[in-house]
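A quick write-up on the structure given underneath.
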Amino acid sequence: MFNKKKMSLNPTGQLNSLFIWPTVLLIILAVVNIGIYFVSSQAGIIVSIFLVIYLVVCGIMLLYLRPRIAHDLIEFASNYSQVQRLLFNKLSIPYALLDNNGQVLWLNEEMQLCLNKSKDFNKNISSVIPEIKYNIFPEIGESTDVPVVLNERNYRVELHRISADKIAEGTNILERNYNASLIAMYMFDETDINMYIQKLRDERFVVGLVYIDNYEDALEAIDDVRRSLFVGLIDKRVNKYFSPGAAIVRKMEKDKYLVVFRYKYLEKLLADKFSILEDIKGVKIGNEMTLTLSIGVGTGASDYSKNFDMAKAAMDLALGRGGDQAVVKDNEKIHYFGGKSQQMEKNARVKVRVMAHALRQILETNERVLVMGHTIPDIDAFGSALGIYIIAKKMGKDAHIVYGEVTSSVRPFINRFKNNDDYPADMFLTKDEAPDYVNSNTVVVVVDVNRPQRTECPELLTKCKTIINFDHHRRTNDTITGAVLSYIDPYASSACEMIAEMIQYVDDSIKLKAFEADAMYAGINIDTDGFNNKSGPRTFEAAAFLRRNGADVTRVRKMLRNDMDEYKAVAEAVSKSEVYKDAFAITVFNGDGLESPTIGGAKAANDLLDINGIKGSFVITPYEGKIFISARSIDEINVQLVMEKLGGGGHMSVAGAQLENVTTDEAVEMIKQTLDSMIEEGEV
């Protein structure tokens, strides 16, 4: 490792200058002595005598003292090094010296005990600690930390690489003859620290909320004699599930429980994937309707009250996603479990009335209303935005619809409002024009989307203080925050259904024009795939209201028809689809030349469900440098969970995602890998 040269004084070093300067002074003194002879010979003789004495002294220094001083310095350095070596050898921290390749050069006593090796051990360190390999060695002047487990103890290994030139750096006494580097290795035993950290983590306070989604509906189907038994069975299942964790379970209301336990038990619940979600469905004593639970868990906050707040936020997410699932909120991390069953529609007339009244109050205190949906809007986004526009106009507000790209499926409807004398010229605003319309009395209403980055103009959400959100998609981690009114109803079939319900309660005198009702009816028709998907009593009641206001089924069907090129592209995508694992249809939709390729991709996904044996369909559509995925199912799998894995979302039977910087082949492979992992984990 080192060049084997004899250690000596550097001829250009500072110590050597102590012997050079007397020689220089001797020469100067000799010159001065010659000059003195010209002035006075007697003075010159005196100086010459002094010069001879000085010459003798310098000679003694150079010939005798210089080697002695060098010897004493080197001996001191050697003794000092021995002291350092002894200190390192007795150091309580395991320490080793390695060469460039990890070969052990020296071990102190503590390191010998840790590795169970003698001081003569000179093999590569990786033979004892496999985690320490050549590729993790740091560069010169840098350091690296490596966690290792040795003899059932946890260590943090620090590796420092130092250039051999550093040994002589800072001094010019010795010549620097080294080209290699050394690696200093320290081992810090963190077993006890990790144990106490884990213990503190395990003892953290966890708050859980357990709600029964359909308690009243299930109870109605049971006779009076069995009701108390039914309630007792539910209580028993909930208490039994949490009792192994020494949890405190308290019933707050007839269908709501508060649970308090330690984080250590939460880890078991996570591993168990909250099996109570499936167990509770086995409570059957005459009830035809299957019970489902929603669970919200909060932990990781600095105090107990914040954990409770996070549990409530987690419960809001669980309910906003349709119930029958558990949501764990651990600080910023959110975990989802369950949510596989078909969502059951709730007849929420009271809630709709409350939301309609709240909407009216907010609009009354503002002068301007801006309504927007999601990017690349479909007819549901347009129809629901139109419904809010109609409400605002009826209340005498300055209302506008923020609209960007007009897709082929929406153009026939939107053209009926443009250049129409019954509507103002600024009824529609582009996303560039909309921010200029925001003032202190402006309210922004977002429909058919609850993710801020997917809205038509996200800038409005930051500029406007009053925000309202109406949507039927299940909540995700990045929902719109700060809304004064948020009505997310995953039980609704479409946003048009929600707005049609509210129109009836905001003002009884609101009458829709026939082509207005057509647009909203078309939104329901498309999102339910012709009333074949997610259609409940509320859906048909909303459709009936729109029919009474002039919506014409035949006229809407004509406006929603495909052109020939799109029809052929859909047929081609269906014909070349791949059936994966005998249950999933995956294909690529080629939308080249089509005005709205993503609409065609969604239609292809719907058509694939008509094939016998297909549980879910996934259509990949490349468009504007992105990959759009349309996912559909009937009732056997939850495609929303699949799309969430890819950064998307939606409903159990209708979902989608957008991917960037991937090819269609890579997107297909990502879908397959996601399905494989979910099947393996039992999520599909």
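Letters A, B, ... go to the chains of the structure tokens in the order shown; residues in each chain start at 1; ligands are counted from 1 in the same order.
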- Item | Neighbour list for stretch 133-135 of chain A as a list in words, cut-off 12 Å, only C-alpha atoms, skip fewer than 5 positions in-chain | Leu98, Asp99, Asn100, Asn101, Gly102, Gln103, Asn124, Ile125, Ser126, Ser127, Val128, Thr144, Val146, Val148, Leu159 and Ile183 of chain A
- In stretch 270-469 of chain A, DSSP helix (DSSP H, G or I) residues written as a ChimeraX atom specification: /A:270-272,276-282,304-320,349-364,379-394,411-414,434-437,452-454,459-463
- Message: When you look at A:Ile193 with a cut-off of 12 Å (counting only C-alpha atoms), what residues show up, excluding the ones that are within fewer than 3 positions of it in the same chain? I need them as a list in words.
- Response: Arg153, Asn154, Tyr155, Arg156, Phe188, Asp189, Glu190, Tyr196, Ile197, Gln198, Lys199 and Leu200 of chain A
- Please identify which residues in stretch 419-610 of chain A DSSP calls strand (DSSP E) from the backbone, and express them as an MDAnalysis selection string. chainID A and resid 428:429 442:447 466:471 485:488 578:580 584:588
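In this structure, atom CA of A:Glu131 sits 26.7 Å away from atom CA of A:Arg201.
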- Task: Pick out the closest residue to A:Glu681 from this set: A:Gly338, A:Asp489, A:Gly536, A:Gly647. Count only C-alpha atoms.
- Result: A:Gly338
- Task: Pick out the residues sitting within 7 Å of A:Ala311, and hand them over as a PyMOL selection string; count only C-alpha atoms, and ignore anything fewer than 4 positions along from it in its own chain.
- Result: chain A and resi 207-209+296-298+307+315+329
- Message: Just the number, please: distance in Å from atom CA of A:Tyr423 to atom CA of A:Val444, one decimal.
- Response: 20.0 Å
